[in-house]
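*Asks:* File entry-v9.cif below, mmCIF, C-alpha atoms and all ligand atoms:
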data_target
loop_
_atom_site.label_atom_id
_atom_site.label_comp_id
_atom_site.auth_asym_id
_atom_site.auth_seq_id
_atom_site.Cartn_x
_atom_site.Cartn_y
_atom_site.Cartn_z
CA LEU A 14 0.00 0.00 0.00
CA THR A 15 2.35 2.68 -1.22
CA ALA A 16 -0.28 5.23 -2.17
CA TYR A 17 -3.50 6.97 -1.19
CA LEU A 18 -6.21 8.40 -3.42
CA ASN A 19 -9.37 10.11 -2.18
CA GLY A 20 -9.82 8.13 1.00
CA ARG A 21 -8.36 4.82 -0.14
CA PHE A 22 -4.94 3.27 0.59
CA ALA A 23 -3.82 0.96 -2.21
CA PRO A 24 -0.82 -0.20 -4.23
CA LEU A 25 0.17 2.55 -6.67
CA GLY A 26 -0.67 0.34 -9.67
CA ASP A 27 -4.28 0.01 -8.55
CA LEU A 28 -4.91 3.76 -8.58
CA SER A 29 -5.86 6.00 -11.47
CA VAL A 30 -7.25 9.49 -11.94
CA PRO A 31 -9.84 10.45 -14.60
CA VAL A 32 -8.43 12.25 -17.65
CA LEU A 33 -10.77 15.16 -16.90
CA ASP A 34 -8.96 15.91 -13.64
CA ARG A 35 -7.94 19.56 -13.72
CA GLY A 36 -4.49 18.57 -12.51
CA PHE A 37 -4.04 16.70 -15.79
CA LEU A 38 -5.72 19.30 -18.03
CA PHE A 39 -4.53 22.56 -16.42
CA GLY A 40 -1.87 21.75 -13.83
CA ASP A 41 -4.51 23.15 -11.46
CA GLY A 42 -3.25 21.97 -8.09
CA VAL A 43 -0.59 22.17 -5.40
CA TYR A 44 1.78 19.72 -3.72
CA GLU A 45 4.23 19.01 -0.94
CA MET A 46 7.18 16.67 -0.57
CA ILE A 47 7.71 15.62 3.03
CA PRO A 48 10.77 13.64 4.13
CA VAL A 49 10.36 10.90 6.73
CA TYR A 50 13.33 9.83 8.87
CA SER A 51 13.06 6.65 10.94
CA ARG A 52 9.28 6.65 10.27
CA LYS A 53 8.85 10.18 11.66
CA PRO A 54 7.64 12.85 9.23
CA PHE A 55 10.20 15.68 9.41
CA ARG A 56 8.92 19.23 10.05
CA LEU A 57 5.37 18.06 9.29
CA ASP A 58 3.56 21.07 10.74
CA PRO A 59 5.39 23.60 8.55
CA HIS A 60 4.72 21.41 5.49
CA LEU A 61 1.00 21.24 6.33
CA GLU A 62 0.93 25.00 6.95
CA ARG A 63 2.57 25.67 3.58
CA LEU A 64 0.07 23.28 1.94
CA ALA A 65 -2.79 25.22 3.52
CA ALA A 66 -1.27 28.50 2.25
CA SER A 67 -0.84 27.10 -1.29
CA LEU A 68 -4.44 25.84 -1.32
CA ALA A 69 -5.75 29.18 -0.07
CA ALA A 70 -3.71 31.04 -2.70
CA ILE A 71 -5.38 29.09 -5.53
CA ARG A 72 -8.78 29.07 -3.77
CA ILE A 73 -9.20 25.35 -3.18
CA ALA A 74 -10.91 24.65 0.15
CA ASN A 75 -8.55 22.53 2.26
CA PRO A 76 -10.07 19.04 2.00
CA HIS A 77 -8.67 17.99 5.41
CA THR A 78 -7.93 19.36 8.84
CA GLN A 79 -4.29 19.27 9.99
CA ALA A 80 -5.22 16.33 12.26
CA GLU A 81 -6.73 14.42 9.31
CA TRP A 82 -3.68 15.09 7.13
CA ARG A 83 -1.46 13.88 9.95
CA ARG A 84 -3.47 10.67 10.29
CA ILE A 85 -3.40 9.95 6.54
CA ILE A 86 0.37 10.52 6.39
CA GLU A 87 1.05 8.45 9.52
CA THR A 88 -1.04 5.56 8.16
CA LEU A 89 0.78 5.66 4.83
CA VAL A 90 4.17 5.76 6.57
CA ARG A 91 3.22 2.77 8.74
CA HIS A 92 2.42 0.67 5.67
CA GLN A 93 5.88 1.00 4.08
CA PRO A 94 8.67 -1.56 4.53
CA PHE A 95 11.36 1.19 4.68
CA ASP A 96 12.11 3.62 7.54
CA ASP A 97 13.26 6.68 5.57
CA GLN A 98 10.63 7.80 3.12
CA SER A 99 9.57 10.65 0.92
CA ILE A 100 5.88 11.42 0.96
CA TYR A 101 4.57 13.16 -2.15
CA LEU A 102 1.23 14.85 -1.50
CA GLN A 103 -0.88 16.50 -4.20
CA VAL A 104 -4.28 18.20 -4.23
CA THR A 105 -5.94 19.24 -7.48
CA ARG A 106 -9.20 21.11 -8.05
CA GLY A 107 -10.74 17.80 -9.14
CA VAL A 108 -12.63 16.40 -12.12
CA ALA A 109 -14.79 18.72 -14.23
CA TYR A 110 -16.53 18.65 -17.60
CA PRO A 111 -16.68 20.41 -20.00
CA ARG A 112 -13.09 21.68 -20.06
CA ASN A 113 -13.15 25.34 -19.05
CA HIS A 114 -10.34 27.43 -17.60
CA ALA A 115 -12.56 29.03 -14.96
CA PHE A 116 -13.32 27.13 -11.75
CA PRO A 117 -16.10 24.55 -12.07
CA ALA A 118 -19.24 25.33 -10.06
CA GLU A 119 -18.83 22.07 -8.22
CA ALA A 120 -15.77 19.88 -7.98
CA THR A 121 -14.32 17.68 -5.29
CA PRO A 122 -10.56 18.06 -4.86
CA THR A 123 -8.49 15.04 -5.85
CA VAL A 124 -6.14 14.05 -3.00
CA PHE A 125 -3.17 11.86 -3.87
CA LEU A 126 -0.25 10.71 -1.72
CA LEU A 127 2.65 8.46 -2.65
CA ALA A 128 5.35 6.98 -0.40
CA ASP A 129 8.79 6.20 -1.80
CA PRO A 130 12.10 5.29 -0.22
CA LEU A 131 13.86 8.57 0.60
CA ARG A 132 16.81 9.21 -1.69
CA THR A 133 19.13 11.54 0.21
CA PRO A 134 22.32 12.69 -1.57
CA LEU A 135 25.07 10.18 -2.21
CA PRO A 136 28.01 10.40 0.23
CA ALA A 137 30.22 11.45 -2.70
CA GLN A 138 27.94 14.45 -3.33
CA VAL A 139 28.16 15.49 0.32
CA VAL A 140 31.94 15.14 0.40
CA SER A 141 32.80 16.59 -3.02
CA GLY A 142 29.85 18.89 -3.72
CA ILE A 143 27.92 19.22 -6.95
CA ALA A 144 28.03 21.32 -10.09
CA ALA A 145 25.33 23.75 -11.22
CA VAL A 146 24.58 26.10 -14.10
CA THR A 147 22.58 29.33 -14.18
CA GLN A 148 19.59 30.32 -16.29
CA ALA A 149 17.23 33.25 -16.51
CA ASP A 150 14.15 32.68 -14.35
CA VAL A 151 11.22 32.69 -16.81
CA ARG A 152 8.57 31.60 -14.30
CA TRP A 153 5.46 33.52 -13.25
CA LEU A 154 5.18 35.99 -10.35
CA ARG A 155 3.70 33.58 -7.74
CA CYS A 156 6.54 31.10 -7.25
CA ASP A 157 5.70 31.15 -3.52
CA ILE A 158 2.76 28.85 -4.33
CA LYS A 159 3.91 25.23 -4.46
CA ALA A 160 1.95 24.61 -7.67
CA ILE A 161 2.04 21.40 -9.69
CA SER A 162 2.25 23.48 -12.89
CA LEU A 163 6.03 23.17 -13.10
CA LEU A 164 6.82 23.53 -16.81
CA ALA A 165 9.44 26.24 -16.34
CA ASN A 166 11.04 24.30 -13.46
CA VAL A 167 11.05 21.14 -15.60
CA LEU A 168 12.82 22.97 -18.44
CA ALA A 169 15.30 24.53 -16.01
CA ARG A 170 16.16 21.15 -14.45
CA GLN A 171 16.52 19.57 -17.89
CA GLY A 172 18.96 22.38 -18.69
CA ALA A 173 21.08 21.08 -15.81
CA VAL A 174 20.84 17.49 -17.05
CA ASP A 175 21.76 18.59 -20.58
CA ALA A 176 24.81 20.38 -19.14
CA GLY A 177 25.76 17.26 -17.14
CA VAL A 178 25.26 18.98 -13.78
CA ALA A 179 22.91 18.58 -10.81
CA GLU A 180 20.93 21.81 -10.60
CA THR A 181 20.06 25.04 -12.38
CA VAL A 182 20.27 28.28 -10.37
CA LEU A 183 17.68 30.84 -11.45
CA LEU A 184 18.45 34.56 -11.81
CA ARG A 185 15.89 37.32 -12.30
CA ASP A 186 16.69 41.00 -12.92
CA GLY A 187 20.28 40.49 -11.81
CA LEU A 188 19.32 38.80 -8.52
CA LEU A 189 19.70 35.25 -7.22
CA ILE A 190 16.24 33.68 -6.75
CA GLU A 191 16.46 29.90 -6.13
CA GLY A 192 17.14 26.59 -7.87
CA SER A 193 14.80 24.67 -10.19
CA ALA A 194 13.72 22.58 -7.18
CA SER A 195 15.78 23.97 -4.31
CA ASN A 196 16.69 27.13 -2.42
CA ILE A 197 20.16 28.64 -2.73
CA PHE A 198 22.39 30.13 -0.02
CA VAL A 199 25.66 32.01 -0.46
CA VAL A 200 28.61 32.54 1.90
CA ARG A 201 30.76 35.68 1.52
CA ASP A 202 33.47 36.72 3.96
CA GLY A 203 32.14 34.36 6.63
CA MET A 204 28.57 35.68 6.33
CA LEU A 205 25.77 33.28 5.34
CA LEU A 206 23.40 35.05 2.94
CA ALA A 207 19.88 33.97 1.97
CA PRO A 208 17.59 35.63 -0.58
CA PRO A 209 14.51 37.19 1.10
CA PRO A 210 11.20 35.30 0.83
CA SER A 211 8.92 36.90 -1.75
CA HIS A 212 6.34 35.98 -4.37
CA LEU A 213 9.27 35.15 -6.67
CA MET A 214 10.52 32.10 -4.74
CA LEU A 215 9.30 29.15 -2.76
CA THR A 216 10.26 29.51 0.88
CA GLY A 217 11.59 26.04 1.59
CA ILE A 218 10.96 24.22 4.83
CA THR A 219 14.67 23.36 4.65
CA TYR A 220 15.50 27.04 3.96
CA ASP A 221 13.72 28.01 7.19
CA LEU A 222 15.46 25.23 9.10
CA VAL A 223 18.93 26.22 7.86
CA LEU A 224 18.34 29.81 9.00
CA GLU A 225 17.06 28.50 12.34
CA LEU A 226 20.18 26.35 12.74
CA ALA A 227 22.42 29.29 11.79
CA ALA A 228 20.78 31.37 14.54
CA ARG A 229 20.94 28.57 17.08
CA HIS A 230 24.65 27.94 16.46
CA GLY A 231 25.65 31.60 16.30
CA MET A 232 26.60 31.56 12.62
CA PRO A 233 26.57 35.10 11.19
CA HIS A 234 23.74 35.26 8.66
CA GLN A 235 21.70 37.80 6.79
CA VAL A 236 18.51 37.56 4.72
CA ARG A 237 18.87 40.04 1.87
CA GLU A 238 18.91 40.35 -1.89
CA ILE A 239 21.97 38.73 -3.49
CA THR A 240 23.22 40.03 -6.82
CA GLU A 241 24.46 37.87 -9.66
CA ALA A 242 27.94 39.37 -9.16
CA GLU A 243 27.87 38.39 -5.46
CA LEU A 244 26.78 34.88 -6.42
CA ARG A 245 29.56 34.54 -8.97
CA SER A 246 32.24 35.71 -6.51
CA ALA A 247 30.89 33.79 -3.50
CA ASP A 248 33.17 31.79 -1.20
CA GLU A 249 30.51 29.08 -0.87
CA ILE A 250 27.18 28.31 -2.52
CA TRP A 251 24.71 25.82 -1.05
CA LEU A 252 21.50 24.27 -2.23
CA THR A 253 18.76 23.10 0.16
CA SER A 254 15.62 20.99 -0.24
CA SER A 255 13.66 18.34 1.61
CA SER A 256 15.29 15.55 -0.38
CA LYS A 257 18.77 17.04 -0.96
CA GLU A 258 19.08 18.43 2.61
CA VAL A 259 22.13 20.76 2.29
CA LEU A 260 24.59 20.32 -0.59
CA ALA A 261 27.56 22.45 -1.59
CA ILE A 262 27.66 23.76 -5.16
CA VAL A 263 31.36 23.75 -6.00
CA THR A 264 31.19 24.63 -9.71
CA LEU A 265 28.91 27.28 -11.23
CA ASP A 266 28.73 27.53 -15.03
CA GLY A 267 32.02 25.64 -15.16
CA THR A 268 33.84 28.02 -12.80
CA PRO A 269 34.99 26.79 -9.37
CA VAL A 270 33.18 28.30 -6.38
CA GLY A 271 35.76 29.45 -3.81
CA ASN A 272 38.51 26.85 -3.91
CA GLY A 273 36.25 24.35 -5.70
CA ALA A 274 35.49 22.17 -2.66
CA PRO A 275 32.77 22.29 0.03
CA GLY A 276 33.74 25.09 2.41
CA PRO A 277 34.12 25.17 6.21
CA ILE A 278 30.78 26.87 6.85
CA TYR A 279 29.01 24.31 4.68
CA LYS A 280 30.65 21.49 6.61
CA ALA A 281 29.54 23.00 9.92
CA MET A 282 25.95 23.45 8.71
CA TYR A 283 25.86 19.91 7.30
CA GLN A 284 26.83 18.56 10.74
CA HIS A 285 24.22 20.73 12.49
CA TYR A 286 21.58 19.52 10.04
CA GLN A 287 22.43 15.84 10.51
CA ALA A 288 22.46 16.26 14.28
CA PHE A 289 19.08 18.01 14.21
CA LYS A 290 17.53 15.23 12.08
CA THR A 291 18.17 12.52 14.64
N1 LIG A 301 11.03 20.93 -4.23
N2 LIG A 301 12.23 25.86 -4.40
C1 LIG A 301 11.60 25.08 -5.28
C2 LIG A 301 11.23 25.65 -6.61
C3 LIG A 301 11.31 23.73 -4.95
O1 LIG A 301 10.67 22.95 -5.82
C4 LIG A 301 11.72 23.22 -3.69
C5 LIG A 301 11.44 21.82 -3.26
C6 LIG A 301 12.37 24.10 -2.80
C7 LIG A 301 12.81 23.64 -1.43
O2 LIG A 301 11.72 23.48 -0.57
P1 LIG A 301 11.75 22.47 0.66
O3 LIG A 301 12.95 22.79 1.45
O4 LIG A 301 10.49 22.75 1.38
O5 LIG A 301 11.82 21.07 0.09
C8 LIG A 301 12.60 25.40 -3.19
C9 LIG A 301 10.57 19.61 -3.85
C10 LIG A 301 11.59 18.83 -3.09
C11 LIG A 301 10.09 18.91 -5.08
O6 LIG A 301 9.79 19.59 -6.05
O7 LIG A 301 9.96 17.68 -5.04
#
Starting from the file, give its structure as C-alpha cells.
*Replies:*
Amino acid sequence: LTAYLNGRFAPLGDLSVPVLDRGFLFGDGVYEMIPVYSRKPFRLDPHLERLAASLAAIRIANPHTQAEWRRIIETLVRHQPFDDQSIYLQVTRGVAYPRNHAFPAEATPTVFLLADPLRTPLPAQVVSGIAAVTQADVRWLRCDIKAISLLANVLARQGAVDAGVAETVLLRDGLLIEGSASNIFVVRDGMLLAPPPSHLMLTGITYDLVLELAARHGMPHQVREITEAELRSADEIWLTSSSKEVLAIVTLDGTPVGNGAPGPIYKAMYQHYQAFKT
C-alpha cells in the first residue's frame, strides 16, 4: 500500500485518476514533498501549513484538517517496509466537464499521496559537492505557491541534465532567486546570505530550518537580496531541499566556487543539520 487516493490506501498500480482531472488538463493543483526519517515525518507542521497556504492562494478549500492530514500521512508511513521515506502529497481542483479554464461550479478536490524510499544525496555528493549552471528565471510571479504546474522548473532542471550537472540556479533581474527545485544560499566573507522570501521564490521548509540552525549555532547570517555578481564571486554556494538536505555547489557555469570544494561553513551546517535530524 504505497499510495493513497481520495480516501483509499492501495498499491500505486491500482490507482488512477480520470483524464478530466484539472491537474491533468490545467496543472490546477498544489503539492508538498515531506521527508520521513526513521518513520517520523520531518517538520510536518510547517509542510502542512505551507500546503494550507498554497491551497488558499489558488482558492481550493482545504479538504482535510491538519489532524486528518497527519493521520493519513502516519497511516501511509506505517504501511511502508522502509524507515526513511519521501511522501509526495498532491491536491488538485478535481474532475470537471466540459473543459473550461474558470473554476467549475462544483468539484471535489483530488487528493493523492505516494510513499517512496527517501533518496538523500550520495556520500560522494556530500563530500565533493555538486556542479550547477545558471539560467534566466522565466517563471510567473507567484513562485511562492507550491503549484504542480512546473513547466518552467522542468525545463530549467533539464537544462542542468543537458549540461551534465545537478541543478540550475535561477536569476531574475540580476538577482539570485532559487534553484529549479531547491533554495540557494551564499557565503561571503564568513557571512551566510539567503535571498529574502517573496512571491518570486518558494520559501523552503529546509530554507527556514537552515536559517534556524544558523541562529541557534551563532553563525553570522543575513537575509537580503543577493546580486548575480555576489553569487559569482561567492566563497561558498549551497543548495537546500527536503530531499537534498544541504549540498555544496562547487562549480557554477564551469567556474569553481571558492577553492572548488565544500567550504568550512558548509561542513559546519551539514553537521548541524544531521544532528538536528536525529
Ligand atoms: N522541491 N524551491 C523550489 C522551486 C522547490 O521545488 C523546492 C522543493 C524548494 C525547497 O523546498 P523544501 O525545502 O520545502 O523542500 C525550493 C521539492 C523537493 C520537489 O519539487 O519535489
*Asks:* Skipping near chain neighbours, those fewer than 3 positions away, what residues fall within 10 Å of His234 (chain A) using only C-alpha atoms, listed as JSON, numbers by chain?
*Replies:* {"A": [199, 200, 203, 204, 205, 206, 207, 224, 227, 228, 231, 237]}
*Asks:* I'd like to know which of A:Gly267, A:Leu184, A:Gln235, A:Tyr50 is closest to Gln287 (chain A), using all atoms listed in the file.
*Replies:* A:Tyr50
*Asks:* Show me as a list in words the residues that reach within 12 Å of (-4.3, 7.7, -11.4), counting only C-alpha atoms and using the file's own coordinates.
*Replies:*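 Selection result: Ala16, Tyr17, Leu18, Asn19, Ala23, Pro24, Leu25, Gly26, Asp27, Leu28, Ser29, Val30, Pro31, Val32, Leu33, Asp34, Gly36, Phe37, Gln103, Thr123, Val124, Phe125, Leu126 and Leu127 of chain A.
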*Asks:* Which value, in Å to one decimal, gives the distance between CA of Trp251 (chain A) and CA of Val236 (chain A)?
*Replies:*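 Separation between CA of Trp251 (chain A) and CA of Val236 (chain A): 14.5 Å.
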*Asks:* Return as an MDAnalysis selection string every polymer residue, whether protein, DNA or RNA, with at least one atom no more than 10 Å from an atom of ligand LIG 301 (chain A); count only C-alpha atoms and all ligand atoms.
*Replies:* chainID A and resid 44:48 56 59:60 63 99:102 156:161 163 165:167 183 190:197 213:223 252:259
*Asks:* Taking only C-alpha atoms into account, which of A:Glu62, A:Glu87, A:Asp202, A:Glu225 comes nearest Asn75 (chain A)?
*Replies:*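 The closest residue to Asn75 (chain A) is A:Glu62.
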*Asks:* How far is it from CA of Glu243 (chain A) to CA of Thr147 (chain A), in Å with one decimal?
*Replies:*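 The value is 13.6 Å.
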*Asks:* Can you work out the spacing between CA of Gly40 (chain A) and CA of Arg106 (chain A) in Å, to one decimal?
*Replies:*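 These atoms are spaced 9.4 Å apart.
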*Asks:* Tell me which protein, DNA and RNA residues are within 9 Å of Leu61 (chain A), counting only C-alpha atoms, leaving out same-chain ones fewer than 3 positions away, and put them as a PyMOL selection string.
*Replies:* chain A and resi 45+56-58+64-66+79+82-83
*Asks:* Determine the nearest neighbour of Glu180 (chain A) from the options A:Ile262, A:Val151, A:Val104, A:Ile239, counting only C-alpha atoms.
*Replies:*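 Counting only C-alpha atoms, the residue closest to Glu180 (chain A) is A:Ile262.
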*Asks:* Looking at A:Arg21, A:Arg155, A:Arg201, A:Arg170, which one is nearest to Ala247 (chain A), with distances taken over all atoms listed in the file?
*Replies:*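 Closest candidate: A:Arg201.
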*Asks:* Which residue, A:Ala288, A:Val263, A:Ile143, A:Ala149, has the smallest gap to Leu189 (chain A) when you use all atoms listed in the file?
*Replies:*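 Comparing A:Ala288, A:Val263, A:Ile143, A:Ala149 against Leu189 (chain A), the winner is A:Ala149.
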